[in-house]
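Visitor: Sharing run37.cif here; it has mmCIF, C-alpha atoms and all ligand atoms.
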data_structure
loop_
_atom_site.label_atom_id
_atom_site.label_comp_id
_atom_site.auth_asym_id
_atom_site.auth_seq_id
_atom_site.Cartn_x
_atom_site.Cartn_y
_atom_site.Cartn_z
CA MET A 1 51.50 89.89 5.81
CA GLN A 2 54.20 89.65 8.53
CA PRO A 3 53.93 92.88 10.60
CA LYS A 4 56.88 95.20 9.97
CA HIS A 5 56.15 97.46 12.94
CA HIS A 6 55.61 96.26 16.52
CA ILE A 7 54.21 99.21 18.40
CA ILE A 8 52.78 100.54 21.64
CA ILE A 9 50.50 103.56 21.25
CA ASP A 10 50.53 106.04 24.16
CA THR A 11 47.53 108.31 23.90
CA ASP A 12 45.01 110.78 25.40
CA PRO A 13 41.94 110.34 23.12
CA GLY A 14 41.01 112.96 21.76
CA GLN A 15 39.37 112.88 18.33
CA ASP A 16 42.68 113.08 16.48
CA ASP A 17 44.11 110.32 18.67
CA ALA A 18 41.09 108.25 17.64
CA LEU A 19 41.98 108.51 13.96
CA ALA A 20 45.59 107.56 14.70
CA ILE A 21 44.45 104.46 16.62
CA LEU A 22 42.03 103.56 13.80
CA LEU A 23 44.80 103.92 11.20
CA ALA A 24 47.03 101.60 13.24
CA LEU A 25 44.22 99.06 13.68
CA ALA A 26 43.57 99.14 9.92
CA SER A 27 47.20 98.60 8.90
CA PRO A 28 48.38 94.99 8.43
CA GLU A 29 52.02 96.20 8.58
CA ILE A 30 51.46 96.92 12.28
CA GLU A 31 51.35 94.65 15.33
CA LEU A 32 49.64 96.82 17.96
CA ILE A 33 51.04 95.26 21.16
CA GLY A 34 48.99 97.56 23.39
CA ILE A 35 47.45 100.97 23.90
CA CYS A 36 48.42 103.03 26.98
CA ALA A 37 46.07 105.79 28.07
CA VAL A 38 47.42 108.91 29.78
CA ALA A 39 45.80 112.02 31.28
CA GLY A 40 45.86 114.86 28.77
CA ASN A 41 43.04 116.14 26.60
CA VAL A 42 40.69 114.87 29.31
CA PRO A 43 41.30 113.06 32.63
CA LEU A 44 42.59 109.47 32.63
CA SER A 45 39.18 108.05 33.61
CA LEU A 46 37.95 109.26 30.20
CA THR A 47 41.03 108.65 28.03
CA GLN A 48 41.16 104.96 29.07
CA MET A 49 37.42 104.66 28.34
CA ASN A 50 37.78 106.48 24.99
CA ALA A 51 40.64 104.24 23.87
CA ARG A 52 38.41 101.20 24.39
CA LYS A 53 35.42 102.87 22.65
CA ILE A 54 37.62 103.44 19.59
CA CYS A 55 38.82 99.81 19.51
CA GLU A 56 35.21 98.59 19.67
CA LEU A 57 34.12 101.06 16.97
CA ALA A 58 36.82 99.52 14.74
CA GLY A 59 35.64 96.00 15.57
CA LYS A 60 38.87 95.17 17.46
CA PRO A 61 37.72 94.43 21.03
CA ASP A 62 40.70 92.11 21.70
CA THR A 63 43.13 95.05 21.71
CA LYS A 64 44.93 95.41 25.05
CA VAL A 65 44.27 98.81 26.66
CA PHE A 66 46.13 99.93 29.80
CA ALA A 67 45.66 102.93 32.08
CA GLY A 68 48.72 104.97 33.05
CA ALA A 69 49.42 108.30 34.69
CA ILE A 70 46.54 110.18 36.22
CA ARG A 71 48.56 113.47 36.12
CA PRO A 72 51.90 114.82 34.84
CA MET A 73 55.14 113.91 36.66
CA LEU A 74 55.52 117.25 38.47
CA ARG A 75 53.06 119.83 37.18
CA PRO A 76 49.31 119.88 37.79
CA LEU A 77 47.17 118.42 34.98
CA VAL A 78 45.95 120.81 32.29
CA THR A 79 43.19 119.42 30.03
CA ALA A 80 41.66 120.55 26.71
CA GLU A 81 37.90 120.08 26.91
CA HIS A 82 37.58 123.37 25.01
CA VAL A 83 38.93 121.51 21.97
CA HIS A 84 37.77 117.92 22.45
CA GLY A 85 34.54 118.41 24.44
CA LYS A 86 33.61 117.16 27.91
CA THR A 87 34.01 113.47 27.02
CA GLY A 88 37.15 113.98 24.96
CA LEU A 89 35.41 112.22 22.07
CA ASP A 90 32.48 114.58 21.47
CA GLY A 91 30.78 114.20 18.10
CA PRO A 92 29.23 110.74 17.67
CA VAL A 93 27.51 108.89 20.51
CA LEU A 94 29.75 105.83 21.07
CA PRO A 95 28.52 103.08 23.43
CA ASP A 96 30.34 102.49 26.73
CA PRO A 97 32.99 99.82 26.16
CA VAL A 98 32.41 96.16 27.01
CA MET A 99 36.04 95.09 26.44
CA PRO A 100 38.10 95.05 29.66
CA LEU A 101 40.76 97.51 30.80
CA GLN A 102 44.01 95.62 31.53
CA ALA A 103 44.98 95.51 35.20
CA GLN A 104 48.68 96.30 34.65
CA TYR A 105 49.83 99.93 35.09
CA ALA A 106 50.78 101.31 31.67
CA PRO A 107 54.39 102.32 32.51
CA ASP A 108 54.96 98.78 33.85
CA PHE A 109 53.50 97.31 30.64
CA ILE A 110 55.88 99.51 28.61
CA ILE A 111 58.86 98.32 30.68
CA GLU A 112 57.83 94.66 30.56
CA THR A 113 57.32 94.76 26.79
CA LEU A 114 60.63 96.49 26.08
CA MET A 115 62.59 94.22 28.45
CA SER A 116 61.04 90.98 27.14
CA ARG A 117 60.93 91.63 23.39
CA PRO A 118 64.19 91.61 21.39
CA ALA A 119 66.03 94.94 21.69
CA GLY A 120 65.41 97.38 18.86
CA THR A 121 62.10 95.86 17.76
CA VAL A 122 59.43 97.93 19.58
CA THR A 123 58.35 101.42 18.47
CA LEU A 124 56.60 103.81 20.86
CA CYS A 125 53.98 105.95 19.08
CA CYS A 126 53.20 108.83 21.45
CA LEU A 127 50.09 110.92 20.87
CA GLY A 128 49.67 112.72 24.20
CA PRO A 129 51.68 114.11 27.11
CA LEU A 130 54.79 111.94 27.59
CA THR A 131 54.16 111.14 31.28
CA ASN A 132 53.90 107.34 30.89
CA ILE A 133 57.16 107.19 28.93
CA GLY A 134 58.92 109.48 31.41
CA LEU A 135 57.81 107.32 34.33
CA ALA A 136 58.95 104.14 32.55
CA LEU A 137 62.36 105.67 31.81
CA VAL A 138 62.86 106.67 35.46
CA LYS A 139 61.73 103.30 36.81
CA GLU A 140 63.80 101.23 34.32
CA PRO A 141 66.46 103.33 32.50
CA ARG A 142 67.64 100.24 30.58
CA ILE A 143 64.59 100.48 28.30
CA ALA A 144 66.11 103.53 26.53
CA SER A 145 68.65 101.42 24.63
CA ARG A 146 66.01 98.81 23.73
CA ILE A 147 63.49 101.15 22.08
CA LYS A 148 63.55 100.91 18.27
CA ARG A 149 62.22 104.48 17.90
CA ILE A 150 59.97 106.96 19.68
CA ILE A 151 57.64 108.77 17.27
CA ALA A 152 55.89 111.57 19.16
CA MET A 153 53.37 114.22 18.15
CA GLY A 154 54.50 117.32 19.99
CA GLY A 155 56.25 120.65 19.96
CA GLY A 156 56.44 123.40 17.43
CA TRP A 157 58.85 126.02 16.10
CA SER A 158 57.72 128.03 13.06
CA GLU A 159 54.07 127.49 14.03
CA GLY A 160 54.54 128.68 17.62
CA GLY A 161 52.27 127.13 20.24
CA ASN A 162 48.62 126.08 20.51
CA ILE A 163 48.07 126.15 24.28
CA THR A 164 50.36 129.15 24.97
CA PRO A 165 51.95 131.50 22.44
CA VAL A 166 55.04 129.27 22.36
CA ALA A 167 54.10 125.79 23.63
CA GLU A 168 52.28 122.86 22.04
CA PHE A 169 49.78 121.05 24.31
CA ASN A 170 51.42 117.60 24.70
CA ILE A 171 54.77 119.07 25.68
CA TYR A 172 53.24 121.88 27.76
CA VAL A 173 51.24 119.46 29.93
CA ASP A 174 54.34 117.49 30.97
CA PRO A 175 57.57 119.30 30.00
CA GLN A 176 59.68 117.33 32.50
CA ALA A 177 58.57 114.03 30.93
CA ALA A 178 59.28 115.47 27.49
CA ARG A 179 62.80 116.48 28.56
CA LEU A 180 63.43 112.93 29.86
CA VAL A 181 62.29 111.49 26.52
CA PHE A 182 64.22 113.97 24.39
CA ASP A 183 67.43 113.26 26.36
CA CYS A 184 67.06 109.46 26.78
CA GLY A 185 69.14 108.56 23.72
CA ALA A 186 66.49 106.48 21.94
CA PRO A 187 65.99 107.34 18.24
CA LEU A 188 63.31 110.05 18.22
CA THR A 189 61.04 111.45 15.51
CA LEU A 190 59.07 114.56 16.43
CA ILE A 191 55.84 115.38 14.56
CA PRO A 192 55.26 119.04 15.53
CA LEU A 193 52.64 121.66 14.76
CA ASP A 194 54.91 122.86 11.93
CA VAL A 195 53.82 119.79 9.96
CA THR A 196 50.43 118.88 11.47
CA HIS A 197 49.05 122.34 10.66
CA GLN A 198 49.42 121.38 6.98
CA ALA A 199 47.17 118.29 7.41
CA LEU A 200 43.76 119.98 7.43
CA THR A 201 40.42 118.18 7.63
CA THR A 202 38.83 120.08 4.73
CA ARG A 203 35.10 119.61 4.05
CA LYS A 204 35.89 117.50 0.96
CA ARG A 205 38.05 115.16 3.03
CA VAL A 206 35.49 114.84 5.83
CA GLU A 207 32.72 114.03 3.34
CA LYS A 208 34.81 111.09 2.05
CA PHE A 209 34.60 109.57 5.56
CA ARG A 210 30.88 110.33 5.85
CA LYS A 211 30.13 108.48 2.63
CA MET A 212 31.91 105.27 3.67
CA GLU A 213 29.75 102.13 3.73
CA ASN A 214 31.01 100.98 7.15
CA ARG A 215 30.17 102.34 10.61
CA THR A 216 33.68 103.72 11.23
CA GLY A 217 33.62 106.27 8.38
CA PRO A 218 30.47 108.18 9.40
CA ALA A 219 31.56 108.12 13.06
CA VAL A 220 34.92 109.59 12.04
CA ALA A 221 33.13 112.33 10.08
CA GLU A 222 31.14 113.20 13.23
CA LEU A 223 34.34 113.21 15.31
CA LEU A 224 35.95 115.62 12.84
CA ASP A 225 32.85 117.83 12.55
CA PHE A 226 33.20 118.46 16.28
CA PHE A 227 37.03 118.49 16.49
CA GLU A 228 37.72 121.00 13.72
CA ARG A 229 35.32 123.73 14.87
CA PHE A 230 37.82 125.11 17.46
CA ASP A 231 40.75 125.40 15.04
CA VAL A 232 38.62 126.68 12.13
CA GLU A 233 37.41 129.47 14.41
CA LYS A 234 40.92 130.19 15.76
CA TYR A 235 42.96 129.97 12.54
CA GLY A 236 40.26 130.73 9.95
CA THR A 237 41.35 127.68 7.96
CA ASP A 238 39.30 125.20 5.87
CA GLY A 239 39.35 122.45 8.45
CA GLY A 240 41.38 121.63 11.56
CA PRO A 241 44.91 120.17 11.83
CA LEU A 242 44.82 116.38 12.10
CA HIS A 243 47.80 116.00 14.46
CA ASP A 244 48.09 112.46 15.80
CA PRO A 245 47.49 110.28 12.70
CA CYS A 246 50.66 111.88 11.26
CA VAL A 247 52.64 109.78 13.79
CA ILE A 248 51.34 106.48 12.37
CA ALA A 249 51.52 107.73 8.77
CA TRP A 250 55.18 108.77 9.19
CA MET A 251 56.00 105.30 10.52
CA LEU A 252 54.21 103.61 7.59
CA HIS A 253 55.31 106.01 4.85
CA PRO A 254 58.15 108.34 5.89
CA GLU A 255 58.56 109.24 2.21
CA LEU A 256 55.40 111.36 2.50
CA PHE A 257 57.22 113.65 4.92
CA THR A 258 60.38 115.78 5.07
CA GLY A 259 62.51 116.70 8.07
CA LYS A 260 65.99 117.09 9.45
CA ASP A 261 68.03 115.73 12.40
CA VAL A 262 68.48 118.61 14.81
CA ASN A 263 68.65 119.38 18.51
CA VAL A 264 65.35 119.92 20.29
CA ALA A 265 65.33 121.12 23.90
CA VAL A 266 62.38 121.78 26.25
CA GLU A 267 61.83 124.78 28.50
CA CYS A 268 61.09 123.49 32.03
CA GLU A 269 61.88 126.55 34.18
CA SER A 270 60.22 129.73 32.87
CA GLU A 271 56.45 129.98 33.42
CA LEU A 272 56.33 132.41 30.46
CA THR A 273 57.75 129.86 28.01
CA MET A 274 57.04 126.59 29.88
CA GLY A 275 56.97 123.62 27.50
CA GLN A 276 58.42 125.50 24.54
CA THR A 277 60.44 123.27 22.22
CA VAL A 278 63.64 125.11 21.33
CA VAL A 279 64.47 123.73 17.88
CA ASP A 280 68.03 124.33 16.61
CA TRP A 281 66.91 124.01 12.96
CA TRP A 282 69.92 125.97 11.64
CA ARG A 283 72.30 123.99 13.89
CA VAL A 284 73.83 127.10 15.48
CA THR A 285 74.69 125.25 18.71
CA SER A 286 76.82 122.20 19.33
CA ARG A 287 73.95 120.45 21.09
CA PRO A 288 73.48 116.84 19.92
CA HIS A 289 70.99 116.10 17.12
CA ASN A 290 68.57 114.18 19.35
CA ALA A 291 65.50 114.33 17.10
CA HIS A 292 64.38 113.92 13.51
CA TYR A 293 62.19 117.03 13.32
CA VAL A 294 59.46 116.76 10.65
CA ARG A 295 58.28 119.89 8.84
CA GLY A 296 56.86 118.81 5.46
CA ILE A 297 53.99 116.52 4.40
CA ASP A 298 52.28 115.41 1.18
CA HIS A 299 48.85 116.00 2.76
CA ASP A 300 46.89 114.68 -0.23
CA ALA A 301 48.74 111.36 -0.02
CA PHE A 302 48.32 111.38 3.78
CA PHE A 303 44.53 111.70 3.56
CA LYS A 304 44.42 109.13 0.72
CA LEU A 305 46.19 106.63 3.02
CA LEU A 306 43.89 107.47 5.94
CA THR A 307 40.72 107.18 3.85
CA GLU A 308 41.75 103.91 2.15
CA ARG A 309 42.71 102.26 5.44
CA LEU A 310 39.72 103.39 7.53
CA ALA A 311 37.37 102.09 4.82
CA THR A 312 38.59 98.57 5.66
CA LEU A 313 37.39 98.74 9.28
CA ALA A 314 34.00 97.67 10.71
O1 LIG A 401 48.67 119.80 20.35
C1 LIG A 401 47.97 118.73 19.75
C2 LIG A 401 48.07 117.50 20.58
O2 LIG A 401 47.46 117.73 21.85
C3 LIG A 401 47.30 116.31 19.96
O3 LIG A 401 47.92 115.12 20.34
C4 LIG A 401 45.97 116.43 20.62
O4 LIG A 401 45.29 115.18 20.66
C5 LIG A 401 46.35 116.87 22.00
O5 LIG A 401 46.73 115.71 22.74
CA CA A 402 46.60 113.43 21.53
#
Take the structure I supplied and represent it as structure tokens, if you would.
Ligand code: RIB
Ligand code: CA

Guide:
Amino acid sequence: MQPKHHIIIDTDPGQDDALAILLALASPEIELIGICAVAGNVPLSLTQMNARKICELAGKPDTKVFAGAIRPMLRPLVTAEHVHGKTGLDGPVLPDPVMPLQAQYAPDFIIETLMSRPAGTVTLCCLGPLTNIGLALVKEPRIASRIKRIIAMGGGWSEGGNITPVAEFNIYVDPQAARLVFDCGAPLTLIPLDVTHQALTTRKRVEKFRKMENRTGPAVAELLDFFERFDVEKYGTDGGPLHDPCVIAWMLHPELFTGKDVNVAVECESELTMGQTVVDWWRVTSRPHNAHYVRGIDHDAFFKLLTERLATLA
């Protein structure tokens, strides 16, 4: 099958990032040009290591993995070991990677790819703080008009925040980078907590991974066993929200989701509401509709896609 999607994944693995990367690696519709690690859930030294561990788990050691920003553009780094564990991939014991880390700095790889590939053909799938994308946009503003689409997990409106009462983690960690991305003019799809909180890793769904015949399935079940405990405790739900794989699933099957083109702005001044995404869902301002904001998901179909695809990996 000729790949329909030519993508760069920008990520801070993270158990949910891991499932998004696995879904991309398992999808023949996708050419994964490279994976860019960024500081977020855990420091960069771990996220770049985790990205490679995930590729090797999937049996795809030839994937190109790059390291990017060691901290947000302006603010100090805030991490989330309380959710993802000390390693960022707590759950299964995954061997240290053998595959190499690419020498090129991730923002430079993003610029080089976008400037060399035909305009409008590369999609950026963003699963962590948007620092690498922000840096690339500042260094080479011409990339903005060459990006096919940015699909980013981040923000929230009706669901509020998950790191502060009003801010979602990826945006909160680097709100200035998020503002640069939201205002750059590239087509943008935002996958916020409003929709990811409907994609819960229920026991029944986790057991489907555990029962898989390959090594990826049981490892994924162990990742989710660890990952969901924080959100189950906090929200009292049957399972935790599987945020990042929704980015890849929306790209593959947008018909499983619903949303609307609206204006989304980011709070970058007030410490009280830092990183809040101000979503003009009812279009009460004249601000431009800079984002397709996703709020609905067919979560049964989403997990069916995830389960079917991950079963095809090593
Ligand atoms: O708020 C959820 C997001 O923050 C997810 O991408 C998770 O991996 C963390 O990066
Ligand atoms: Ca993430």

Visitor: Name the residues in contact with Asp261 in chain A at a cut-off of 10 Å, using all atoms listed in the file, excluding same-chain residues fewer than 6 positions from it; report them as JSON, numbers by chain.

Guide: {"A": [188, 189, 190, 280, 281, 283, 288, 289, 290, 291, 292, 293, 294]}

Visitor: Quick one: residues within 9 Å of ligand CA 402 (chain A), with only C-alpha atoms and all ligand atoms, as a ChimeraX atom specification?

Guide: /A:10-18,40-41,126-129,153-154,169-170,243-244

Visitor: Using all atoms listed in the file, find all polymer residues with an atom at most 10 Å away from the point (35.9, 110.1, 10.0); report them as a list in words.

Guide: Gln15, Asp16, Ala18, Leu19, Leu22, Thr201, Arg205, Val206, Glu207, Lys208, Phe209, Arg210, Lys211, Met212, Arg215, Thr216, Gly217, Pro218, Ala219, Val220, Ala221, Glu222, Leu223, Leu224, Asp225, Leu306, Thr307, Leu310 and Ala311 of chain A

Visitor: Store the residues picked out above, limited to C-alpha atoms, as an mmCIF file, in the frame of the given file.

Guide:
data_model
loop_
_atom_site.group_PDB
_atom_site.id
_atom_site.type_symbol
_atom_site.label_atom_id
_atom_site.label_comp_id
_atom_site.auth_asym_id
_atom_site.auth_seq_id
_atom_site.Cartn_x
_atom_site.Cartn_y
_atom_site.Cartn_z
ATOM 1 C CA GLN A 15 39.370 112.880 18.330
ATOM 2 C CA ASP A 16 42.680 113.080 16.480
ATOM 3 C CA ALA A 18 41.090 108.250 17.640
ATOM 4 C CA LEU A 19 41.980 108.510 13.960
ATOM 5 C CA LEU A 22 42.030 103.560 13.800
ATOM 6 C CA THR A 201 40.420 118.180 7.630
ATOM 7 C CA ARG A 205 38.050 115.160 3.030
ATOM 8 C CA VAL A 206 35.490 114.840 5.830
ATOM 9 C CA GLU A 207 32.720 114.030 3.340
ATOM 10 C CA LYS A 208 34.810 111.090 2.050
ATOM 11 C CA PHE A 209 34.600 109.570 5.560
ATOM 12 C CA ARG A 210 30.880 110.330 5.850
ATOM 13 C CA LYS A 211 30.130 108.480 2.630
ATOM 14 C CA MET A 212 31.910 105.270 3.670
ATOM 15 C CA ARG A 215 30.170 102.340 10.610
ATOM 16 C CA THR A 216 33.680 103.720 11.230
ATOM 17 C CA GLY A 217 33.620 106.270 8.380
ATOM 18 C CA PRO A 218 30.470 108.180 9.400
ATOM 19 C CA ALA A 219 31.560 108.120 13.060
ATOM 20 C CA VAL A 220 34.920 109.590 12.040
ATOM 21 C CA ALA A 221 33.130 112.330 10.080
ATOM 22 C CA GLU A 222 31.140 113.200 13.230
ATOM 23 C CA LEU A 223 34.340 113.210 15.310
ATOM 24 C CA LEU A 224 35.950 115.620 12.840
ATOM 25 C CA ASP A 225 32.850 117.830 12.550
ATOM 26 C CA LEU A 306 43.890 107.470 5.940
ATOM 27 C CA THR A 307 40.720 107.180 3.850
ATOM 28 C CA LEU A 310 39.720 103.390 7.530
ATOM 29 C CA ALA A 311 37.370 102.090 4.820
#

Visitor: Could you tell me which of A:Ala80, A:Val138, A:Ile248, A:Leu256 comes closest to ligand LIG 401 (chain A) if we count only C-alpha atoms and all ligand atoms?

Guide: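 With only C-alpha atoms and all ligand atoms as the atom set, the closest residue is A:Ala80.
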
Visitor: Go ahead and fit an axis-aligned box to every listed atom of ligand LIG 401 (chain A) plus 3 Å each side, and pass me the centre and edge lengths in Å, one decimal, as JSON.

Guide:
{"center_x": 47.0, "center_y": 117.5, "center_z": 21.2, "size_x": 9.4, "size_y": 10.7, "size_z": 9.0}

Visitor: Counting only C-alpha atoms, which residue out of A:Gln102, A:Thr123, A:Thr258, A:Thr47 sits closest to Ala69 in chain A?

Guide: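 So, comparing all the options, the nearest one is A:Thr47.
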
Visitor: My list of candidates is A:Gln198, A:Thr63, A:Thr121, A:Asn132. Which is closest to Phe109 in chain A when distances are computed with all atoms listed in the file?

Guide: A:Asn132

Visitor: Which residue out of A:Asp300, A:Asp231, A:Glu56, A:Glu29 has the minimum interatomic distance to Pro3 in chain A when only C-alpha atoms are used?

Guide: A:Glu29

Visitor: Of the residues A:Pro192, A:Gly275, A:Gly59, A:Pro175, which is the one nearest to Pro97 in chain A, using only C-alpha atoms?

Guide: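 When distances to Pro97 in chain A are compared using only C-alpha atoms, the smallest one comes from A:Gly59.
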
Visitor: Please provide the set of residues having any atom within 9 Å of Cys55 in chain A, restricted to all atoms listed in the file, with same-chain residues fewer than 2 positions apart removed, written as a PyMOL selection string.

Guide: chain A and resi 18+21-22+25+50-53+57-63+97+99

Visitor: Store the residues picked out above in a file with C-alpha atoms, as a PDB file, in the frame of the given file.

Guide:
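Output contents, as saved in selection_2.pdb:
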ATOM      1  CA  ALA A  18      41.090 108.250  17.640  1.00  0.00           C
ATOM      2  CA  ILE A  21      44.450 104.460  16.620  1.00  0.00           C
ATOM      3  CA  LEU A  22      42.030 103.560  13.800  1.00  0.00           C
ATOM      4  CA  LEU A  25      44.220  99.060  13.680  1.00  0.00           C
ATOM      5  CA  ASN A  50      37.780 106.480  24.990  1.00  0.00           C
ATOM      6  CA  ALA A  51      40.640 104.240  23.870  1.00  0.00           C
ATOM      7  CA  ARG A  52      38.410 101.200  24.390  1.00  0.00           C
ATOM      8  CA  LYS A  53      35.420 102.870  22.650  1.00  0.00           C
ATOM      9  CA  LEU A  57      34.120 101.060  16.970  1.00  0.00           C
ATOM     10  CA  ALA A  58      36.820  99.520  14.740  1.00  0.00           C
ATOM     11  CA  GLY A  59      35.640  96.000  15.570  1.00  0.00           C
ATOM     12  CA  LYS A  60      38.870  95.170  17.460  1.00  0.00           C
ATOM     13  CA  PRO A  61      37.720  94.430  21.030  1.00  0.00           C
ATOM     14  CA  ASP A  62      40.700  92.110  21.700  1.00  0.00           C
ATOM     15  CA  THR A  63      43.130  95.050  21.710  1.00  0.00           C
ATOM     16  CA  PRO A  97      32.990  99.820  26.160  1.00  0.00           C
ATOM     17  CA  MET A  99      36.040  95.090  26.440  1.00  0.00           C
TER      18      MET A  99
END

Visitor: Between A:Val173, A:Gly240, A:Tyr235, A:Thr87, single out the one closest to Arg203 in chain A, counting only C-alpha atoms.

Guide: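 Among the listed residues, A:Gly240 lies closest to Arg203 in chain A.
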
Visitor: Complete range 4-28 of chain A with N, CA and C atoms (output as a PDB file, keeping the file's coordinate frame).

Guide:
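Everything below was put into part-v8.pdb:
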ATOM      1  N   LYS A   4      55.535  94.594  10.048  1.00  0.00           N
ATOM      2  CA  LYS A   4      56.880  95.200   9.970  1.00  0.00           C
ATOM      3  C   LYS A   4      57.135  96.051  11.223  1.00  0.00           C
ATOM      4  N   HIS A   5      56.037  96.536  11.806  1.00  0.00           N
ATOM      5  CA  HIS A   5      56.150  97.460  12.940  1.00  0.00           C
ATOM      6  C   HIS A   5      55.450  96.836  14.157  1.00  0.00           C
ATOM      7  N   HIS A   6      56.177  96.800  15.268  1.00  0.00           N
ATOM      8  CA  HIS A   6      55.610  96.260  16.520  1.00  0.00           C
ATOM      9  C   HIS A   6      55.535  97.450  17.475  1.00  0.00           C
ATOM     10  N   ILE A   7      54.296  97.903  17.746  1.00  0.00           N
ATOM     11  CA  ILE A   7      54.210  99.210  18.400  1.00  0.00           C
ATOM     12  C   ILE A   7      53.368  99.211  19.678  1.00  0.00           C
ATOM     13  N   ILE A   8      53.657 100.173  20.516  1.00  0.00           N
ATOM     14  CA  ILE A   8      52.780 100.540  21.640  1.00  0.00           C
ATOM     15  C   ILE A   8      52.326 101.959  21.341  1.00  0.00           C
ATOM     16  N   ILE A   9      51.019 102.203  21.413  1.00  0.00           N
ATOM     17  CA  ILE A   9      50.500 103.560  21.250  1.00  0.00           C
ATOM     18  C   ILE A   9      50.224 104.136  22.636  1.00  0.00           C
ATOM     19  N   ASP A  10      50.774 105.327  22.906  1.00  0.00           N
ATOM     20  CA  ASP A  10      50.530 106.040  24.160  1.00  0.00           C
ATOM     21  C   ASP A  10      49.682 107.253  23.825  1.00  0.00           C
ATOM     22  N   THR A  11      48.527 107.422  24.479  1.00  0.00           N
ATOM     23  CA  THR A  11      47.530 108.310  23.900  1.00  0.00           C
ATOM     24  C   THR A  11      46.586 108.931  24.917  1.00  0.00           C
ATOM     25  N   ASP A  12      45.996 110.087  24.527  1.00  0.00           N
ATOM     26  CA  ASP A  12      45.010 110.780  25.400  1.00  0.00           C
ATOM     27  C   ASP A  12      43.765 111.117  24.588  1.00  0.00           C
ATOM     28  N   PRO A  13      43.047 110.083  24.058  1.00  0.00           N
ATOM     29  CA  PRO A  13      41.940 110.340  23.120  1.00  0.00           C
ATOM     30  C   PRO A  13      40.874 111.268  23.727  1.00  0.00           C
ATOM     31  N   GLY A  14      40.540 112.186  22.900  1.00  0.00           N
ATOM     32  CA  GLY A  14      41.010 112.960  21.760  1.00  0.00           C
ATOM     33  C   GLY A  14      40.573 112.387  20.407  1.00  0.00           C
ATOM     34  N   GLN A  15      39.838 113.272  19.657  1.00  0.00           N
ATOM     35  CA  GLN A  15      39.370 112.880  18.330  1.00  0.00           C
ATOM     36  C   GLN A  15      40.533 112.566  17.393  1.00  0.00           C
ATOM     37  N   ASP A  16      41.591 113.363  17.422  1.00  0.00           N
ATOM     38  CA  ASP A  16      42.680 113.080  16.480  1.00  0.00           C
ATOM     39  C   ASP A  16      43.451 111.838  16.885  1.00  0.00           C
ATOM     40  N   ASP A  17      43.542 111.596  18.225  1.00  0.00           N
ATOM     41  CA  ASP A  17      44.110 110.320  18.670  1.00  0.00           C
ATOM     42  C   ASP A  17      43.304 109.158  18.110  1.00  0.00           C
ATOM     43  N   ALA A  18      41.978 109.322  18.105  1.00  0.00           N
ATOM     44  CA  ALA A  18      41.090 108.250  17.640  1.00  0.00           C
ATOM     45  C   ALA A  18      41.431 107.854  16.211  1.00  0.00           C
ATOM     46  N   LEU A  19      41.669 108.836  15.355  1.00  0.00           N
ATOM     47  CA  LEU A  19      41.980 108.510  13.960  1.00  0.00           C
ATOM     48  C   LEU A  19      43.345 107.831  13.844  1.00  0.00           C
ATOM     49  N   ALA A  20      44.268 108.217  14.713  1.00  0.00           N
ATOM     50  CA  ALA A  20      45.590 107.560  14.700  1.00  0.00           C
ATOM     51  C   ALA A  20      45.456 106.098  15.119  1.00  0.00           C
ATOM     52  N   ILE A  21      44.671 105.833  16.150  1.00  0.00           N
ATOM     53  CA  ILE A  21      44.450 104.460  16.620  1.00  0.00           C
ATOM     54  C   ILE A  21      43.745 103.650  15.527  1.00  0.00           C
ATOM     55  N   LEU A  22      42.756 104.263  14.879  1.00  0.00           N
ATOM     56  CA  LEU A  22      42.030 103.560  13.800  1.00  0.00           C
ATOM     57  C   LEU A  22      42.975 103.232  12.644  1.00  0.00           C
ATOM     58  N   LEU A  23      43.854 104.174  12.301  1.00  0.00           N
ATOM     59  CA  LEU A  23      44.800 103.920  11.200  1.00  0.00           C
ATOM     60  C   LEU A  23      45.719 102.747  11.558  1.00  0.00           C
ATOM     61  N   ALA A  24      46.161 102.709  12.808  1.00  0.00           N
ATOM     62  CA  ALA A  24      47.030 101.600  13.240  1.00  0.00           C
ATOM     63  C   ALA A  24      46.273 100.273  13.192  1.00  0.00           C
ATOM     64  N   LEU A  25      45.028 100.291  13.671  1.00  0.00           N
ATOM     65  CA  LEU A  25      44.220  99.060  13.680  1.00  0.00           C
ATOM     66  C   LEU A  25      43.906  98.565  12.271  1.00  0.00           C
ATOM     67  N   ALA A  26      43.931  99.478  11.315  1.00  0.00           N
ATOM     68  CA  ALA A  26      43.570  99.140   9.920  1.00  0.00           C
ATOM     69  C   ALA A  26      44.784  98.787   9.075  1.00  0.00           C
ATOM     70  N   SER A  27      45.966  98.781   9.690  1.00  0.00           N
ATOM     71  CA  SER A  27      47.200  98.600   8.900  1.00  0.00           C
ATOM     72  C   SER A  27      47.846  97.254   9.190  1.00  0.00           C
ATOM     73  N   PRO A  28      47.830  96.336   8.214  1.00  0.00           N
ATOM     74  CA  PRO A  28      48.380  94.990   8.430  1.00  0.00           C
ATOM     75  C   PRO A  28      49.898  94.985   8.667  1.00  0.00           C
TER      76      PRO A  28
END
